[in-house]
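Student: First the structure, then my questions, so here it is.
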Amino acid sequence: MSRDLVILWAGRHRRDEWEKLCEPFKRRISQHIRIREVAVKAKATPGDLERQKAEGDALMAAAPEGSWTIALDRRGKMRSSHDLAIWLQGQIEDWPGPLVFLIGSDLGLARTVLAQARERLSFGPLTLPHELARLVLLEQLYRGLAINAGIKYHREPL
């Protein structure tokens, strides 16, 4: 049984309004499963491609050994909230290691990260700022856990 959800994200790492928005979801998730976030920093580089590669290397280095890695990518697989809940429950039951979600910075994820990730998850074709992608991920993880636990949080469309 997977005992951890891990969110690794690259980008600006300052405490601000985004933290206030994310905190309630992290608290709710932690009532069901351990969750931790790691804001990954990469060394300063002269160009965007070099920075993207450095961020990608730092993200993959931060992933615990034995992880099931899921890259957030607009070209990834789209799932409904209900389908995400089913997938999440299956992963938690079947995968012995952490489930690691990878979020790129404003440059996106490096090709090497996308190639190494076991899966890609999409929230649609829009490009989202990494802070917003992180918030949406946390909310959807909580929604999935709530669906699986029978908590009245998710409502099916009318």
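Ligands are numbered from 1 in the order shown, chains are lettered A, B, ... in the order of the structure tokens, and residues start at 1 in each chain.
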Do you know which residues are at most 9 Å from stretch 34-46 of chain A counting only C-alpha atoms, after dropping those on the same chain fewer than 4 positions away, and could you put them as a list in words?

Tutor: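 Within the cut-off, the hits are Arg3, Asp4, Leu5, Val6, Ile7, Leu8, Trp9, Ala10, Gly11, Arg12, His13, Lys26, Arg27, Ile29, Ser30, Glu50, Arg51, Gln52, Ala54, Glu55, Gly56, Asp57, Ala58, Leu59 and Ala62 of chain A.
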
Student: Could you pull out the strand (DSSP E) residues of stretch 13-119 of chain A, going by DSSP on the backbone, and write them as a compact mmCIF listing (two decimals) with C-alpha atoms, in the first residue's frame?

Tutor:
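Result file is out.txt:
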```txt
# COMPACT_ATOMS: atom_id res chain seq x y z
CA ARG A 34 0.51 11.23 4.22
CA ILE A 35 1.30 14.07 1.87
CA ARG A 36 4.37 16.17 1.48
CA GLU A 37 5.47 18.84 -0.90
CA VAL A 38 8.96 19.69 -1.97
CA ALA A 39 9.68 22.98 -3.68
CA VAL A 40 12.66 22.06 -5.84
CA TRP A 68 5.37 6.04 -9.28
CA THR A 69 5.97 9.34 -11.06
CA ILE A 70 3.18 11.33 -12.66
CA ALA A 71 4.10 14.39 -14.72
CA LEU A 72 1.52 17.14 -14.97
CA ASP A 73 1.45 17.90 -18.67
CA ARG A 74 -1.28 19.41 -20.84
CA ARG A 75 -0.65 16.62 -23.37
CA GLY A 76 -1.19 13.93 -20.73
CA LYS A 77 -4.20 11.78 -19.99
CA MET A 78 -7.33 13.64 -18.94
CA LEU A 99 3.02 8.46 -5.72
CA VAL A 100 4.98 11.47 -6.93
CA PHE A 101 3.41 14.29 -8.92
CA LEU A 102 5.83 16.47 -10.89
CA ILE A 103 5.00 20.10 -11.70
CA GLU A 119 2.40 8.62 -16.48
```

Student: Quick one: residues within 6 Å of stretch 125-141 of chain A, only C-alpha atoms, excluding same-chain residues fewer than 4 positions away - as a PyMOL selection string?

Tutor: chain A and resi 22+25+74+105

Student: Go ahead and dump the residues you just picked, N, CA and C atoms, as a compact mmCIF listing (two decimals), in the first residue's frame.

Tutor:
```txt
# COMPACT_ATOMS: atom_id res chain seq x y z
N CYS A 22 -3.59 26.56 -0.68
CA CYS A 22 -3.22 25.14 -0.71
C CYS A 22 -3.36 24.46 0.64
N PHE A 25 -6.37 22.09 1.68
CA PHE A 25 -6.42 20.82 0.97
C PHE A 25 -5.35 19.86 1.48
N ARG A 74 -0.03 19.17 -20.12
CA ARG A 74 -1.28 19.41 -20.84
C ARG A 74 -1.53 18.38 -21.93
N SER A 105 8.06 24.47 -13.77
CA SER A 105 7.99 25.91 -13.54
C SER A 105 7.31 26.59 -14.73
```

Student: Please measure the separation of atom CA of A:Ser67 and atom CA of A:Gly97, giving the value in Å to one decimal.

Tutor: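 Those two atoms sit 5.3 Å apart.
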
Student: What does the structure give for the distance between atom CA of A:Gly90 and atom CA of A:Pro24, in Å to one decimal?

Tutor: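 Atom-to-atom, atom CA of A:Gly90 and atom CA of A:Pro24 are spaced 24.5 Å apart.
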
Student: Go through stretch 71-151 of chain A and collect every residue that DSSP, computed from the backbone, puts in helix (DSSP H, G or I); the answer should be as a PyMOL selection string.

Tutor: chain A and resi 81-94+111-116+130-149

Student: Once you have the residues from the selection above, write them out as a compact mmCIF listing (two decimals), in the first residue's frame, restricted to N, CA and C atoms.

Tutor:
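After the write, again39.txt holds the following:
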```txt
# COMPACT_ATOMS: atom_id res chain seq x y z
N SER A 81 -13.06 13.63 -12.43
CA SER A 81 -12.78 13.51 -11.00
C SER A 81 -13.07 12.10 -10.51
N HIS A 82 -14.14 11.51 -10.99
CA HIS A 82 -14.49 10.15 -10.59
C HIS A 82 -13.45 9.16 -11.08
N ASP A 83 -13.01 9.30 -12.33
CA ASP A 83 -11.97 8.40 -12.86
C ASP A 83 -10.65 8.59 -12.11
N LEU A 84 -10.34 9.82 -11.75
CA LEU A 84 -9.13 10.07 -10.97
C LEU A 84 -9.23 9.39 -9.61
N ALA A 85 -10.41 9.42 -9.01
CA ALA A 85 -10.61 8.75 -7.71
C ALA A 85 -10.37 7.25 -7.83
N ILE A 86 -10.91 6.64 -8.86
CA ILE A 86 -10.72 5.20 -9.08
C ILE A 86 -9.23 4.89 -9.29
N TRP A 87 -8.59 5.69 -10.15
CA TRP A 87 -7.16 5.49 -10.42
C TRP A 87 -6.35 5.66 -9.14
N LEU A 88 -6.64 6.71 -8.38
CA LEU A 88 -5.91 6.98 -7.15
C LEU A 88 -6.05 5.83 -6.16
N GLN A 89 -7.25 5.32 -5.99
CA GLN A 89 -7.47 4.20 -5.07
C GLN A 89 -6.67 2.98 -5.51
N GLY A 90 -6.68 2.70 -6.81
CA GLY A 90 -5.92 1.57 -7.33
C GLY A 90 -4.43 1.73 -7.10
N GLN A 91 -3.92 2.92 -7.32
CA GLN A 91 -2.49 3.17 -7.10
C GLN A 91 -2.13 3.03 -5.62
N ILE A 92 -2.95 3.56 -4.76
CA ILE A 92 -2.69 3.50 -3.32
C ILE A 92 -2.67 2.04 -2.86
N GLU A 93 -3.59 1.25 -3.38
CA GLU A 93 -3.68 -0.16 -2.98
C GLU A 93 -2.57 -1.01 -3.59
N ASP A 94 -2.19 -0.71 -4.83
CA ASP A 94 -1.30 -1.61 -5.57
C ASP A 94 0.17 -1.22 -5.59
N ARG A 111 11.94 17.65 -21.27
CA ARG A 111 11.62 16.43 -22.03
C ARG A 111 12.10 15.17 -21.31
N THR A 112 13.23 15.28 -20.63
CA THR A 112 13.76 14.11 -19.92
C THR A 112 12.81 13.70 -18.79
N VAL A 113 12.19 14.65 -18.14
CA VAL A 113 11.22 14.34 -17.07
C VAL A 113 10.00 13.66 -17.68
N LEU A 114 9.49 14.22 -18.76
CA LEU A 114 8.33 13.63 -19.42
C LEU A 114 8.62 12.21 -19.89
N ALA A 115 9.83 11.97 -20.36
CA ALA A 115 10.21 10.65 -20.83
C ALA A 115 10.37 9.65 -19.68
N GLN A 116 10.83 10.13 -18.54
CA GLN A 116 11.07 9.24 -17.39
C GLN A 116 9.82 8.99 -16.56
N HIS A 130 2.34 27.26 -12.66
CA HIS A 130 2.63 26.13 -11.77
C HIS A 130 1.93 26.27 -10.42
N GLU A 131 1.73 27.49 -9.93
CA GLU A 131 1.04 27.67 -8.66
C GLU A 131 -0.42 27.20 -8.75
N LEU A 132 -1.06 27.53 -9.87
CA LEU A 132 -2.45 27.14 -10.06
C LEU A 132 -2.55 25.63 -10.30
N ALA A 133 -1.63 25.07 -11.06
CA ALA A 133 -1.62 23.62 -11.28
C ALA A 133 -1.48 22.89 -9.95
N ARG A 134 -0.65 23.39 -9.09
CA ARG A 134 -0.46 22.79 -7.76
C ARG A 134 -1.75 22.84 -6.95
N LEU A 135 -2.42 23.97 -6.95
CA LEU A 135 -3.68 24.11 -6.22
C LEU A 135 -4.74 23.16 -6.79
N VAL A 136 -4.86 23.11 -8.10
CA VAL A 136 -5.85 22.22 -8.73
C VAL A 136 -5.51 20.76 -8.40
N LEU A 137 -4.24 20.40 -8.45
CA LEU A 137 -3.84 19.03 -8.11
C LEU A 137 -4.25 18.69 -6.68
N LEU A 138 -3.94 19.56 -5.74
CA LEU A 138 -4.30 19.30 -4.34
C LEU A 138 -5.81 19.15 -4.18
N GLU A 139 -6.57 20.02 -4.81
CA GLU A 139 -8.03 19.94 -4.71
C GLU A 139 -8.53 18.63 -5.31
N GLN A 140 -8.00 18.24 -6.46
CA GLN A 140 -8.46 17.01 -7.10
C GLN A 140 -8.02 15.76 -6.35
N LEU A 141 -6.86 15.79 -5.73
CA LEU A 141 -6.45 14.66 -4.90
C LEU A 141 -7.39 14.53 -3.70
N TYR A 142 -7.70 15.65 -3.07
CA TYR A 142 -8.66 15.58 -1.96
C TYR A 142 -10.02 15.11 -2.46
N ARG A 143 -10.47 15.62 -3.58
CA ARG A 143 -11.77 15.22 -4.13
C ARG A 143 -11.79 13.70 -4.37
N GLY A 144 -10.71 13.18 -4.95
CA GLY A 144 -10.64 11.74 -5.19
C GLY A 144 -10.69 10.93 -3.91
N LEU A 145 -9.93 11.37 -2.91
CA LEU A 145 -9.95 10.68 -1.62
C LEU A 145 -11.32 10.77 -0.97
N ALA A 146 -11.99 11.93 -1.10
CA ALA A 146 -13.33 12.10 -0.54
C ALA A 146 -14.34 11.19 -1.24
N ILE A 147 -14.25 11.09 -2.55
CA ILE A 147 -15.14 10.19 -3.30
C ILE A 147 -14.95 8.77 -2.79
N ASN A 148 -13.70 8.35 -2.68
CA ASN A 148 -13.40 6.98 -2.26
C ASN A 148 -13.84 6.70 -0.82
N ALA A 149 -13.80 7.73 0.03
CA ALA A 149 -14.18 7.56 1.43
C ALA A 149 -15.68 7.77 1.67
```

Student: Under the rule that only C-alpha atoms are counted, which of A:His32, A:Arg118, A:Arg79, A:Lys53 is the nearest residue to A:Ile151?

Tutor: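 Nearest to A:Ile151: A:His32.
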
Student: Would you mind telling me which residue in A:Asp48, A:Lys152, A:Leu121, A:Pro98 lies nearest to A:Ile33 when using only C-alpha atoms?

Tutor: A:Pro98

Student: In terms of the shortest atom-to-atom distance over only C-alpha atoms, which of A:Gly66, A:Ala61, A:Ser80, A:Pro96 is closest to A:Ser122?

Tutor: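 Of A:Gly66, A:Ala61, A:Ser80, A:Pro96, the one nearest A:Ser122, counting only C-alpha atoms, is A:Ser80.
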